[in-house]
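What follows is the content of model.cif, which has mmCIF, C-alpha atoms and all ligand atoms:
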data_entry
loop_
_atom_site.label_atom_id
_atom_site.label_comp_id
_atom_site.auth_asym_id
_atom_site.auth_seq_id
_atom_site.Cartn_x
_atom_site.Cartn_y
_atom_site.Cartn_z
CA MET A 5 -79.98 -45.73 129.09
CA GLU A 6 -79.31 -42.11 128.41
CA ARG A 7 -78.46 -41.54 132.05
CA ARG A 8 -75.86 -44.39 132.05
CA ASN A 9 -74.16 -42.97 128.96
CA HIS A 10 -73.98 -39.61 130.64
CA ASP A 11 -72.30 -41.17 133.71
CA ARG A 12 -69.70 -42.86 131.53
CA VAL A 13 -68.87 -39.59 129.81
CA VAL A 14 -68.47 -37.82 133.16
CA ARG A 15 -66.23 -40.59 134.49
CA THR A 16 -63.99 -40.47 131.38
CA ASN A 17 -63.76 -36.70 131.69
CA THR A 18 -62.67 -36.96 135.32
CA SER A 19 -59.86 -39.43 134.63
CA SER A 20 -58.60 -37.44 131.60
CA GLY A 21 -58.80 -34.33 133.78
CA LYS A 22 -56.54 -35.98 136.35
CA ARG A 23 -54.11 -37.00 133.60
CA ALA A 24 -54.06 -33.43 132.25
CA ARG A 25 -53.38 -32.07 135.73
CA ARG A 26 -50.51 -34.54 136.20
CA GLY A 27 -49.11 -33.56 132.76
CA PHE A 28 -49.34 -29.91 133.73
CA ALA A 29 -47.56 -30.54 137.05
CA ASN A 30 -44.79 -32.42 135.22
CA ARG A 31 -44.31 -29.62 132.72
CA LEU A 32 -44.21 -27.09 135.54
CA LEU A 33 -41.56 -29.17 137.33
CA THR A 34 -39.44 -29.48 134.15
CA LEU A 35 -39.65 -25.73 133.48
CA GLY A 36 -38.79 -24.95 137.10
CA THR A 37 -35.76 -27.28 137.01
CA LEU A 38 -34.58 -25.71 133.74
CA ALA A 39 -34.95 -22.20 135.15
CA VAL A 40 -33.06 -23.04 138.35
CA THR A 41 -30.28 -24.78 136.35
CA ALA A 42 -29.97 -21.78 134.01
CA ILE A 43 -29.72 -19.40 136.97
CA LEU A 44 -27.09 -21.60 138.66
CA VAL A 45 -25.04 -21.96 135.45
CA LEU A 46 -25.19 -18.22 134.73
CA THR A 47 -24.24 -17.34 138.31
CA ALA A 48 -21.42 -19.91 138.28
CA CYS A 49 -20.06 -18.34 135.09
CA GLY A 50 -19.34 -15.32 137.23
CA PRO A 51 -19.97 -11.69 136.68
CA ASP A 52 -17.20 -11.35 134.07
CA VAL A 53 -19.11 -13.39 131.53
CA LEU A 54 -22.24 -11.37 132.07
CA LYS A 55 -20.57 -8.02 132.44
CA PRO A 56 -19.93 -6.85 128.84
CA TYR A 57 -23.53 -5.88 128.14
CA SER A 58 -24.74 -5.87 131.73
CA THR A 59 -26.92 -3.02 132.95
CA THR A 60 -26.58 -4.21 136.54
CA SER A 61 -22.89 -3.45 137.07
CA PRO A 62 -22.71 0.32 136.41
CA ALA A 63 -19.31 2.03 136.23
CA SER A 64 -20.34 5.68 135.83
CA PRO A 65 -22.74 8.06 137.59
CA THR A 66 -25.02 8.04 134.51
CA ALA A 67 -25.29 4.24 134.51
CA ASP A 68 -25.62 4.29 138.28
CA GLY A 69 -28.62 6.66 138.13
CA ILE A 70 -30.30 4.43 135.55
CA HIS A 71 -29.55 1.35 137.64
CA SER A 72 -31.18 2.91 140.72
CA LEU A 73 -34.34 3.54 138.71
CA TYR A 74 -34.20 -0.01 137.43
CA LYS A 75 -34.02 -1.39 140.96
CA LEU A 76 -36.94 0.77 142.09
CA VAL A 77 -39.12 -0.36 139.18
CA PHE A 78 -38.02 -3.97 139.65
CA TRP A 79 -39.06 -4.14 143.32
CA LEU A 80 -42.36 -2.31 142.73
CA ALA A 81 -43.13 -4.61 139.80
CA LEU A 82 -42.29 -7.62 141.95
CA ILE A 83 -44.74 -6.50 144.66
CA VAL A 84 -47.47 -5.97 142.04
CA PHE A 85 -46.68 -9.34 140.42
CA VAL A 86 -46.83 -11.25 143.70
CA GLY A 87 -50.02 -9.44 144.71
CA VAL A 88 -51.77 -10.18 141.41
CA GLN A 89 -50.69 -13.84 141.40
CA PHE A 90 -51.86 -14.22 144.97
CA ALA A 91 -55.25 -12.70 144.10
CA ILE A 92 -55.67 -15.01 141.08
CA ILE A 93 -54.78 -18.15 143.04
CA TYR A 94 -56.92 -17.12 146.00
CA ALA A 95 -59.94 -16.34 143.81
CA SER A 96 -59.69 -19.55 141.80
CA LEU A 97 -59.43 -21.71 144.93
CA ARG A 98 -61.92 -19.84 147.10
CA PHE A 99 -64.69 -19.58 144.50
CA ARG A 100 -64.26 -22.79 142.53
CA LYS A 101 -67.30 -24.99 141.97
CA LYS A 102 -67.03 -28.76 141.43
CA GLU A 103 -70.10 -28.78 139.22
CA ILE A 104 -71.51 -26.28 136.81
CA PRO A 105 -74.42 -24.63 138.68
CA ALA A 106 -77.80 -24.98 137.05
CA ASN A 107 -78.50 -21.24 137.27
CA ARG A 108 -76.38 -18.33 136.17
CA PRO A 109 -74.64 -16.63 139.14
CA PRO A 110 -75.96 -13.18 140.11
CA GLN A 111 -74.86 -10.59 137.51
CA ILE A 112 -73.08 -7.55 139.05
CA HIS A 113 -72.53 -4.18 137.43
CA GLY A 114 -69.74 -2.06 138.90
CA ASN A 115 -68.17 -1.77 142.35
CA SER A 116 -67.26 1.78 143.31
CA ARG A 117 -64.90 0.86 146.16
CA LEU A 118 -62.94 -1.59 144.01
CA GLU A 119 -62.78 0.83 141.09
CA ILE A 120 -61.51 3.68 143.25
CA ALA A 121 -58.89 1.37 144.77
CA TRP A 122 -57.56 0.16 141.42
CA THR A 123 -57.35 3.72 140.17
CA ILE A 124 -55.58 5.16 143.21
CA ILE A 125 -53.06 2.35 143.81
CA PRO A 126 -51.53 2.40 140.28
CA ALA A 127 -51.52 6.22 140.38
CA VAL A 128 -49.51 6.14 143.61
CA VAL A 129 -47.12 3.51 142.17
CA LEU A 130 -46.60 5.62 139.02
CA MET A 131 -45.92 8.75 141.12
CA ILE A 132 -43.28 6.81 143.09
CA ILE A 133 -41.59 5.98 139.76
CA LEU A 134 -42.18 9.37 138.10
CA VAL A 135 -40.49 11.62 140.65
CA PRO A 136 -37.04 9.92 140.74
CA THR A 137 -37.20 9.37 136.95
CA ILE A 138 -37.58 13.09 136.27
CA THR A 139 -34.88 13.94 138.84
CA THR A 140 -32.50 11.49 137.15
CA LEU A 141 -33.27 12.92 133.70
CA TYR A 142 -32.49 16.46 134.87
CA ASP A 143 -29.30 15.31 136.64
CA GLN A 144 -28.08 13.62 133.49
CA ASP A 145 -28.90 16.67 131.39
CA ALA A 146 -27.02 18.88 133.85
CA ALA A 147 -23.91 16.73 133.36
CA LEU A 148 -23.88 17.87 129.70
CA ASP A 149 -23.46 21.53 130.68
CA GLU A 150 -19.83 21.48 131.72
CA PRO A 151 -18.01 18.69 129.91
CA ASP A 152 -14.25 18.23 130.17
CA LEU A 153 -14.15 16.73 126.70
CA VAL A 154 -16.54 16.72 123.72
CA VAL A 155 -16.51 13.80 121.31
CA ASP A 156 -18.53 13.51 118.09
CA VAL A 157 -19.64 10.01 117.23
CA TYR A 158 -21.08 9.22 113.77
CA GLY A 159 -23.22 6.15 113.19
CA LYS A 160 -22.29 4.59 109.84
CA GLN A 161 -23.45 1.45 108.09
CA TRP A 162 -22.07 -0.50 109.96
CA TRP A 163 -19.37 1.03 112.09
CA TRP A 164 -18.76 4.05 114.27
CA GLU A 165 -16.62 7.04 113.39
CA ILE A 166 -15.21 8.92 116.38
CA LYS A 167 -13.91 12.49 116.23
CA TYR A 168 -12.42 14.15 119.28
CA SER A 169 -13.56 17.73 119.39
CA THR A 170 -13.33 20.36 122.12
CA ASP A 171 -11.09 19.58 125.10
CA ASN A 172 -11.97 21.99 127.90
CA GLY A 173 -9.27 20.44 130.07
CA GLN A 174 -6.80 21.70 127.44
CA GLY A 175 -8.19 25.22 127.22
CA GLY A 176 -10.88 24.37 124.68
CA GLU A 177 -8.41 22.98 122.16
CA GLU A 178 -9.83 21.02 119.22
CA LEU A 179 -8.10 17.66 119.44
CA GLN A 180 -9.10 16.65 115.88
CA VAL A 181 -8.33 12.99 116.42
CA VAL A 182 -10.35 10.67 114.16
CA THR A 183 -10.72 6.97 114.75
CA ALA A 184 -13.20 4.13 114.42
CA ASN A 185 -15.01 1.66 116.65
CA GLU A 186 -12.79 2.30 119.67
CA LEU A 187 -13.62 5.25 121.89
CA ARG A 188 -10.71 6.03 124.21
CA LEU A 189 -11.62 8.11 127.24
CA PRO A 190 -9.70 9.55 130.19
CA VAL A 191 -10.85 8.14 133.54
CA GLY A 192 -12.82 10.42 135.86
CA LYS A 193 -13.50 13.05 133.19
CA ASN A 194 -16.94 14.20 132.18
CA VAL A 195 -17.28 13.47 128.47
CA LYS A 196 -20.07 14.79 126.29
CA VAL A 197 -20.75 12.49 123.33
CA ARG A 198 -22.60 14.15 120.44
CA LEU A 199 -24.32 11.63 118.21
CA HIS A 200 -24.68 12.13 114.45
CA SER A 201 -25.94 10.11 111.49
CA ASN A 202 -26.08 10.86 107.77
CA ASN A 203 -27.81 7.62 106.91
CA VAL A 204 -30.38 5.71 109.03
CA ILE A 205 -31.25 5.69 112.74
CA HIS A 206 -28.77 3.89 115.00
CA SER A 207 -28.59 3.74 118.77
CA PHE A 208 -25.47 4.27 120.86
CA TRP A 209 -25.39 1.96 123.87
CA VAL A 210 -22.67 1.20 126.41
CA PRO A 211 -24.66 -0.53 129.15
CA ARG A 212 -22.08 -0.18 131.93
CA LEU A 213 -21.31 3.49 131.27
CA ALA A 214 -24.37 5.23 129.86
CA GLY A 215 -27.94 4.89 128.81
CA LYS A 216 -29.13 4.13 125.32
CA MET A 217 -29.41 7.10 122.98
CA ASP A 218 -30.76 7.13 119.43
CA VAL A 219 -28.51 8.43 116.66
CA VAL A 220 -30.92 10.23 114.35
CA PRO A 221 -30.19 11.73 110.92
CA GLY A 222 -30.59 15.50 110.95
CA HIS A 223 -30.68 15.80 114.72
CA VAL A 224 -27.76 15.78 117.16
CA ASN A 225 -28.44 13.87 120.38
CA GLU A 226 -26.12 14.16 123.36
CA ILE A 227 -25.19 11.78 126.12
CA SER A 228 -22.75 12.19 128.99
CA ILE A 229 -20.24 9.58 130.15
CA GLU A 230 -18.05 9.92 133.21
CA PRO A 231 -16.19 6.62 133.58
CA GLU A 232 -15.08 5.92 137.15
CA GLU A 233 -12.75 2.99 136.53
CA THR A 234 -10.18 2.21 133.86
CA GLY A 235 -10.90 -0.79 131.70
CA THR A 236 -12.56 -1.85 128.48
CA TYR A 237 -16.32 -1.59 128.12
CA ALA A 238 -18.48 -3.11 125.41
CA GLY A 239 -20.87 -1.03 123.36
CA GLU A 240 -23.17 -1.77 120.47
CA CYS A 241 -25.75 -0.34 118.13
CA ALA A 242 -29.17 -0.92 119.67
CA GLU A 243 -31.45 0.09 116.80
CA PHE A 244 -31.96 -2.12 113.78
CA CYS A 245 -30.12 -0.32 110.98
CA GLY A 246 -29.68 -2.82 108.17
CA ILE A 247 -28.18 -6.19 107.38
CA GLN A 248 -25.08 -5.81 109.57
CA HIS A 249 -26.76 -4.18 112.56
CA ALA A 250 -25.58 -7.04 114.79
CA TRP A 251 -21.96 -6.26 113.86
CA MET A 252 -21.98 -2.61 114.71
CA ARG A 253 -20.14 -2.96 117.96
CA PHE A 254 -17.52 -0.81 119.58
CA LEU A 255 -15.27 -0.63 122.59
CA ILE A 256 -14.81 2.11 125.14
CA VAL A 257 -11.28 2.00 126.49
CA VAL A 258 -10.99 4.02 129.70
CA GLU A 259 -7.37 4.97 130.44
CA PRO A 260 -5.49 6.96 133.06
CA VAL A 261 -5.37 10.62 131.99
CA ASP A 262 -1.68 10.66 130.88
CA GLU A 263 -2.07 7.46 128.93
CA PHE A 264 -5.06 8.95 127.16
CA TYR A 265 -3.07 12.03 126.13
CA GLY A 266 -0.19 9.76 125.12
CA TRP A 267 -2.62 8.06 122.77
CA VAL A 268 -3.91 11.43 121.49
CA ASN A 269 -0.37 12.59 120.79
CA GLY A 270 0.49 9.30 119.13
CA TRP A 271 -2.45 9.80 116.80
CA ARG A 272 -1.58 13.41 116.06
CA GLU A 273 2.00 12.47 115.27
CA GLY A 274 0.51 9.91 112.91
CA ASN A 275 2.30 7.34 110.82
CA LEU A 276 5.00 8.55 108.43
CA VAL A 277 3.98 6.79 105.27
CA ALA A 278 4.99 7.47 101.68
CA THR A 279 2.88 6.25 98.79
CA THR A 280 5.56 6.78 96.14
CA GLN A 281 7.01 3.55 94.83
CA ASP A 282 10.31 5.04 93.54
CA GLY A 283 13.46 6.40 95.09
CA ASP A 284 14.88 6.38 98.59
CA LEU A 285 12.81 7.50 101.52
CA PRO A 286 13.94 9.68 104.42
CA GLU A 287 14.80 7.80 107.57
CA GLY A 288 11.74 6.58 109.45
CA VAL A 289 9.34 6.95 106.55
CA VAL A 290 7.52 3.80 105.54
CA ARG A 291 6.59 2.93 101.99
CA ALA A 292 2.99 1.82 101.58
CA PRO A 293 2.51 -1.21 99.32
CA GLU A 294 1.53 -0.25 95.78
CA ALA A 295 -1.85 -1.96 96.09
CA PHE A 296 -2.66 0.23 99.12
CA SER A 297 -3.57 3.01 96.66
CA ILE A 298 -6.99 1.43 96.19
CA CYS A 299 -7.62 1.66 99.96
CA LEU A 300 -6.87 5.38 99.80
CA SER A 301 -9.99 5.97 97.75
CA CYS A 302 -11.97 5.62 100.97
CA HIS A 303 -9.51 5.50 103.86
CA THR A 304 -6.70 7.67 105.07
CA VAL A 305 -3.86 7.57 107.57
CA ASN A 306 -2.84 10.63 109.53
CA GLY A 307 0.64 11.60 108.37
CA ILE A 308 0.47 9.87 105.00
CA GLU A 309 2.05 11.63 102.08
CA GLY A 310 0.03 11.78 98.87
CA SER A 311 -3.25 10.69 100.41
CA SER A 312 -5.91 10.55 97.75
CA SER A 313 -8.76 10.30 100.18
CA LEU A 314 -10.06 13.65 99.02
CA ALA A 315 -10.48 12.18 95.57
CA VAL A 316 -13.55 10.27 96.69
CA GLY A 317 -15.87 12.74 95.00
CA SER A 318 -13.77 13.22 91.84
CA PRO A 319 -15.10 11.93 88.50
CA ASP A 320 -12.14 9.51 88.17
CA SER A 321 -12.80 7.97 91.55
CA LEU A 322 -13.98 4.41 91.88
CA PHE A 323 -16.92 5.83 93.77
CA ALA A 324 -17.90 8.52 91.30
CA GLY A 325 -21.63 9.00 91.51
CA ILE A 326 -21.92 7.22 94.84
CA ASN A 327 -22.66 9.18 98.02
CA ALA A 328 -19.12 9.94 99.12
CA ALA A 329 -19.98 10.76 102.71
CA ALA A 330 -21.74 7.47 103.28
CA MET A 331 -18.96 5.51 101.61
CA TYR A 332 -16.06 7.10 103.40
CA GLY A 333 -14.24 4.38 105.33
CA PRO A 334 -12.63 4.33 108.77
CA ASN A 335 -9.45 6.31 109.39
CA LEU A 336 -6.62 3.78 109.63
CA THR A 337 -4.11 5.74 111.77
CA ASN A 338 -2.37 3.46 114.31
CA LEU A 339 -4.52 0.56 113.19
CA GLY A 340 -2.03 -1.87 114.76
CA CYS A 341 -3.23 -0.76 118.21
CA ARG A 342 -6.90 -1.55 117.68
CA GLU A 343 -8.50 -4.53 119.36
CA THR A 344 -10.94 -5.51 116.64
CA LEU A 345 -11.64 -5.18 112.93
CA ALA A 346 -14.94 -4.65 111.10
CA ALA A 347 -16.74 -3.12 114.12
CA GLY A 348 -16.09 -5.82 116.67
CA MET A 349 -16.36 -8.75 114.28
CA LEU A 350 -12.74 -9.96 114.08
CA VAL A 351 -9.79 -9.90 116.44
CA ASN A 352 -7.28 -7.50 114.94
CA ASN A 353 -4.33 -9.52 113.63
CA THR A 354 -2.53 -9.95 110.33
CA GLU A 355 -4.26 -13.21 109.45
CA ASN A 356 -7.77 -11.86 110.00
CA LEU A 357 -6.97 -8.61 108.22
CA THR A 358 -5.63 -10.55 105.21
CA GLN A 359 -8.82 -12.61 105.01
CA TRP A 360 -10.87 -9.45 105.36
CA LEU A 361 -9.01 -7.76 102.49
CA LEU A 362 -9.38 -10.81 100.25
CA ASP A 363 -13.15 -10.99 100.60
CA PRO A 364 -14.85 -8.57 102.99
CA GLY A 365 -18.26 -9.49 101.54
CA ALA A 366 -17.87 -13.12 102.64
CA ILE A 367 -17.10 -12.05 106.21
CA LYS A 368 -19.55 -9.18 106.57
CA PRO A 369 -22.12 -9.39 103.76
CA GLY A 370 -23.56 -6.07 102.66
CA ASN A 371 -20.70 -3.85 103.80
CA TYR A 372 -19.74 -1.08 101.38
CA MET A 373 -16.12 -2.20 101.02
CA ALA A 374 -17.40 -5.47 99.55
CA ASP A 375 -18.75 -3.49 96.56
CA VAL A 376 -15.17 -2.76 95.54
CA ILE A 377 -12.83 -5.34 97.10
CA GLY A 378 -13.23 -9.08 96.71
CA PRO A 379 -13.39 -11.81 94.08
CA GLY A 380 -14.53 -10.45 90.74
CA LYS A 381 -14.65 -6.85 91.98
CA SER A 382 -12.69 -3.96 90.46
CA GLY A 383 -10.43 -3.91 93.50
CA GLU A 384 -9.76 -7.65 93.71
CA LEU A 385 -6.46 -8.28 95.50
CA THR A 386 -4.07 -11.19 95.07
CA ASP A 387 -3.07 -13.22 98.15
CA GLU A 388 0.32 -11.48 98.17
CA GLN A 389 -1.17 -8.00 97.85
CA ALA A 390 -3.65 -8.65 100.69
CA LEU A 391 -0.92 -9.98 102.97
CA GLU A 392 1.35 -7.05 102.08
CA ILE A 393 -1.37 -4.50 102.93
CA ALA A 394 -2.32 -6.35 106.13
CA GLU A 395 1.30 -6.44 107.35
CA PHE A 396 1.71 -2.78 106.47
CA LEU A 397 -1.47 -1.76 108.35
CA GLU A 398 -0.61 -3.85 111.41
CA SER A 399 2.75 -2.06 111.51
CA LEU A 400 1.02 1.29 111.98
CA VAL A 401 1.58 1.96 115.69
CA PRO A 402 2.89 5.03 117.53
CA ALA A 403 6.64 5.33 118.19
CA GLU A 404 6.01 4.72 121.90
CA GLY A 405 3.95 1.62 121.20
CA CYS A 406 0.28 1.05 121.93
CA THR A 407 -1.25 2.27 125.19
CA GLY A 408 -4.16 0.91 127.18
CA THR A 409 -5.49 -2.49 126.27
CA GLY A 410 -4.38 -1.93 122.69
CA GLY A 411 -2.17 -4.94 123.29
CA GLY A 412 -4.88 -7.12 121.75
CA ALA A 413 -3.39 -6.57 118.38
CA SER A 414 0.26 -6.50 119.36
CA ASP A 415 -0.06 -9.66 121.47
CA ALA A 416 -1.66 -11.55 118.65
CA THR A 417 0.51 -10.09 115.94
CA PRO A 418 4.25 -9.71 116.33
CA ALA A 419 4.14 -7.54 113.20
CA ALA A 420 2.34 -4.87 115.19
CA THR A 421 5.11 -4.23 117.69
CA PRO A 422 7.77 -1.69 116.73
CA GLU A 423 10.66 -4.12 117.39
CA THR A 424 9.59 -6.65 114.82
CA SER A 425 7.88 -4.27 112.46
CA SER A 426 9.39 -3.85 109.04
CA ALA A 427 7.93 -0.36 109.04
CA ALA A 428 9.56 1.94 111.55
CA VAL A 429 7.23 4.65 112.72
CA VAL A 430 8.58 7.95 113.90
CA ALA A 431 6.99 10.84 115.67
CA ARG A 432 6.25 13.92 113.64
CA ASP A 433 6.70 17.47 114.94
CU1 LIG B 1 -26.52 0.77 113.60
CU2 LIG B 1 -27.92 -0.94 114.33
#
So that I can check it, write out the structure of this file as structure tokens.
Amino acid sequence: MERRNHDRVVRTNTSSGKRARRGFANRLLTLGTLAVTAILVLTACGPDVLKPYSTTSPASPTADGIHSLYKLVFWLALIVFVGVQFAIIYASLRFRKKEIPANRPPQIHGNSRLEIAWTIIPAVVLMIILVPTITTLYDQDAALDEPDLVVDVYGKQWWWEIKYSTDNGQGGEELQVVTANELRLPVGKNVKVRLHSNNVIHSFWVPRLAGKMDVVPGHVNEISIEPEETGTYAGECAEFCGIQHAWMRFLIVVEPVDEFYGWVNGWREGNLVATTQDGDLPEGVVRAPEAFSICLSCHTVNGIEGSSSLAVGSPDSLFAGINAAAMYGPNLTNLGCRETLAAGMLVNNTENLTQWLLDPGAIKPGNYMADVIGPGKSGELTDEQALEIAEFLESLVPAEGCTGTGGGASDATPAATPETSSAAVVARD
């Protein structure tokens, strides 16, 4: 009786085992099909779709060096992976038993040959990776020794401030150009980027041009970029730094050398803006809308008359008692030429800028501007005021127009081109 019951149990187990195996095979087939489809779709989308944050299409010697290491590690890891999988499959097929043996198998303790082999093989693999890694590190450090241009980049919450410092190509001149979220670089020049933070840790990452480098408060890290081709490259913050970490993106716009200096000069000439609301203005000077005064508590424009940006720390300021350095907003010079607003979040055009000014907290919750501007805040703007400020800011372009890809804004916004702009912008000596 007992014996018969036992047989039945074994038979049931065998048929459910078969079913489980079939289920497993089906799942494997589905997963495989999905993986192949995903690969085909991604490949069909073409490299352009994958390029923005791709580490496999380097466009600078720094990124190239990192990519070579990546390839080396990838192929070594693939060999190890295939070897281990082969060993697992071989062992499970070769030594499988249909029935559980009555006695325990012989118990083994240690195998010197095996242990020596699995110590030496990984050591050799690690040495193969170690040597070129150290060489690459030293090469990249050496590139920092003789830069053509030094740029200081400050990680903010949540945007990037960019200050152009020493230009060795111009006899060590301090360029003193300040901008945000859009790093313009001359093609073929060796640029040293110094990374600063006065708040939390960020990470500066432009996959196609450079490695990833942490931006640490109280310590200046350096990274070198030598872009080989003109074009626009995507960058982002790669270290979680608060609620808007995902929207801490930036662009690197690589331009021919003369175009780059055209842009530098355009910035240094600035935008001739008057904040006074009375009287006639000299030819070429633009009057800022009255409501723009609230923006000047945190922002400034190069060339503006009566900028109150230095009043940030004063007791009358809106931000009295708040850490002025952390609150200080992006420099708005030639804003009409920028591709994006709010650190890569919005396309730069009048409509988006108006929405942003009406309620920045609804678009990018947690940003510091939302403490002041927006419904119910001390700096609440009317629809007309927001539109007025947006049109004014989009009109801030250099006399010669935008260079590089800066067309993003001017294409989308007729107000940003000098011809249609109500605000003429003239060069300053
Ligand atoms: Cu800054 Cu993440």
key: Residue among A:Gln359, A:Asn185, A:Asn338, A:Ser399 lying closest to ligand LIG 1 (chain B), counting only C-alpha atoms and all ligand atoms   =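 Smallest distance to ligand LIG 1 (chain B) is found for A:Asn185.
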With ligand LIG 1 (chain B) as the partner and 6 Å as the cut-off, tabulate the residues of chain A that qualify, each row holding the nearest pair of atoms and their distance in Å to one decimal, using all atoms listed in the file, sorted by chain and rising number, as JSON lines.
{"residue": "A:Trp162", "atom": "CA", "partner": "B:LIG1", "partner_atom": "CU1", "distance": 5.9}
{"residue": "A:His206", "atom": "CA", "partner": "B:LIG1", "partner_atom": "CU1", "distance": 4.1}
{"residue": "A:Cys241", "atom": "CA", "partner": "B:LIG1", "partner_atom": "CU2", "distance": 4.4}
{"residue": "A:Ala242", "atom": "CA", "partner": "B:LIG1", "partner_atom": "CU2", "distance": 5.5}
{"residue": "A:Glu243", "atom": "CA", "partner": "B:LIG1", "partner_atom": "CU2", "distance": 4.4}
{"residue": "A:Phe244", "atom": "CA", "partner": "B:LIG1", "partner_atom": "CU2", "distance": 4.2}
{"residue": "A:Cys245", "atom": "CA", "partner": "B:LIG1", "partner_atom": "CU2", "distance": 4.1}
{"residue": "A:His249", "atom": "CA", "partner": "B:LIG1", "partner_atom": "CU2", "distance": 3.9}
{"residue": "A:Met252", "atom": "CA", "partner": "B:LIG1", "partner_atom": "CU1", "distance": 5.8}
task = One decimal, Å: what's the distance from CA of Leu213 (chain A) over to CA of Ala63 (chain A), could you say?
result =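 According to the coordinates, CA of Leu213 (chain A) and CA of Ala63 (chain A) are separated by 5.5 Å.
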Can you build me a table of region 48-116 of chain A residues sitting at most 10 Å from region 132-150 of chain A, with the closest atom pair per residue and its distance in Å to one decimal, using all atoms listed in the file, sorted by chain and residue number, as a Markdown table?
| residue | atom | partner | partner_atom | distance |
| --- | --- | --- | --- | --- |
| A:Pro65 | CA | A:Gln144 | CA | 8.7 |
| A:Thr66 | CA | A:Gln144 | CA | 6.4 |
| A:Ala67 | CA | A:Gln144 | CA | 9.8 |
| A:Gly69 | CA | A:Thr140 | CA | 6.3 |
| A:Ile70 | CA | A:Thr140 | CA | 7.6 |
| A:Ser72 | CA | A:Pro136 | CA | 9.1 |
| A:Leu73 | CA | A:Thr137 | CA | 6.7 |
| A:Tyr74 | CA | A:Ile133 | CA | 9.8 |
| A:Leu76 | CA | A:Ile133 | CA | 7.4 |
| A:Val77 | CA | A:Ile133 | CA | 6.8 |
| A:Leu80 | CA | A:Ile133 | CA | 8.8 |
With 5 Å of padding per side, what axis-aligned box (centre and edge lengths, Å, one decimal) covers all the listed atoms of region 136-140 of chain A? Give it as JSON.
{"center_x": -35.0, "center_y": 11.7, "center_z": 138.5, "size_x": 15.1, "size_y": 14.6, "size_z": 14.5}
task = May I ask for the distance between CA of Gly288 (chain A) and CA of Gly333 (chain A), given in Å to one decimal place?
result = 26.4 Å
Shell around Gly348 (chain A) at 10 Å using only C-alpha atoms, local window under 6 positions removed, as a VMD selection string = chain A and resid 163 185 to 186 238 to 240 250 to 255
query = Counting only C-alpha atoms, what is within 7 Å of Asn352 (chain A), bar same-chain residues fewer than 5 positions away, as a PyMOL selection string?
reply = chain A and resi 342-345+357+413
query = Neighbours of Ala366 (chain A) within 12 Å (all atoms listed in the file; same-chain residues fewer than 4 positions away dropped), as a list in words?
reply =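 With the cut-off at 12 Å, the set is Gln359, Trp360, Leu361, Leu362, Gly370, Asn371, Met373, Ala374, Asp375, Ile377, Gly378 and Pro379 of chain A.
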inquiry  = For a test of reading the model, state the distance in Å between CA of Val181 (chain A) and CA of Ala403 (chain A), rounded to one decimal.
reply    =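 That distance, rounded to one decimal, is 16.9 Å.
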note = Of A:Ser301, A:Ala295, A:Phe90, A:Ser64, the one sitting nearest Glu230 (chain A) when using all atoms listed in the file is A:Ser64
request  = Tell me which protein, DNA and RNA residues are within 9 Å of Asp262 (chain A), counting only C-alpha atoms, leaving out same-chain ones fewer than 4 positions away, and put them as a list in words.
outcome  =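 Counting only the stated atoms, we get Pro190, Gly266 and Trp267 of chain A.
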Any idea what's packed within 8 Å of Val197 (chain A), counting all atoms listed in the file, ignoring anything in its chain fewer than 6 positions away? Could you give it as a PDB file with C-alpha atoms, keeping the file's coordinate frame?
ATOM      1  CA  VAL A 154     -16.540  16.720 123.720  1.00  0.00           C
ATOM      2  CA  VAL A 155     -16.510  13.800 121.310  1.00  0.00           C
ATOM      3  CA  ASP A 156     -18.530  13.510 118.090  1.00  0.00           C
ATOM      4  CA  VAL A 157     -19.640  10.010 117.230  1.00  0.00           C
ATOM      5  CA  GLU A 226     -26.120  14.160 123.360  1.00  0.00           C
ATOM      6  CA  ILE A 227     -25.190  11.780 126.120  1.00  0.00           C
ATOM      7  CA  SER A 228     -22.750  12.190 128.990  1.00  0.00           C
ATOM      8  CA  ILE A 229     -20.240   9.580 130.150  1.00  0.00           C
TER       9      ILE A 229
END
Within 10 Å of (7.9, 6.8, 95.3) (coordinates as in the file), grab all the protein and nucleic acid residues, counting all atoms listed in the file, and write them out as a PDB file with C-alpha atoms, in the coordinates of the input.
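Generated output (point_22.pdb):
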ATOM      1  CA  ALA A 278       4.990   7.470 101.680  1.00  0.00           C
ATOM      2  CA  THR A 279       2.880   6.250  98.790  1.00  0.00           C
ATOM      3  CA  THR A 280       5.560   6.780  96.140  1.00  0.00           C
ATOM      4  CA  GLN A 281       7.010   3.550  94.830  1.00  0.00           C
ATOM      5  CA  ASP A 282      10.310   5.040  93.540  1.00  0.00           C
ATOM      6  CA  GLY A 283      13.460   6.400  95.090  1.00  0.00           C
ATOM      7  CA  ASP A 284      14.880   6.380  98.590  1.00  0.00           C
ATOM      8  CA  LEU A 285      12.810   7.500 101.520  1.00  0.00           C
ATOM      9  CA  ARG A 291       6.590   2.930 101.990  1.00  0.00           C
ATOM     10  CA  ALA A 292       2.990   1.820 101.580  1.00  0.00           C
ATOM     11  CA  GLU A 294       1.530  -0.250  95.780  1.00  0.00           C
ATOM     12  CA  GLY A 310       0.030  11.780  98.870  1.00  0.00           C
TER      13      GLY A 310
END
inquiry  = Which residue is closest to Gly176 (chain A)? Choose from A:Asp152, A:Leu199, A:Glu259, A:Val219 and count all atoms listed in the file.
reply    =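 Going through A:Asp152, A:Leu199, A:Glu259, A:Val219 one by one, the smallest distance to Gly176 (chain A) is for A:Asp152.
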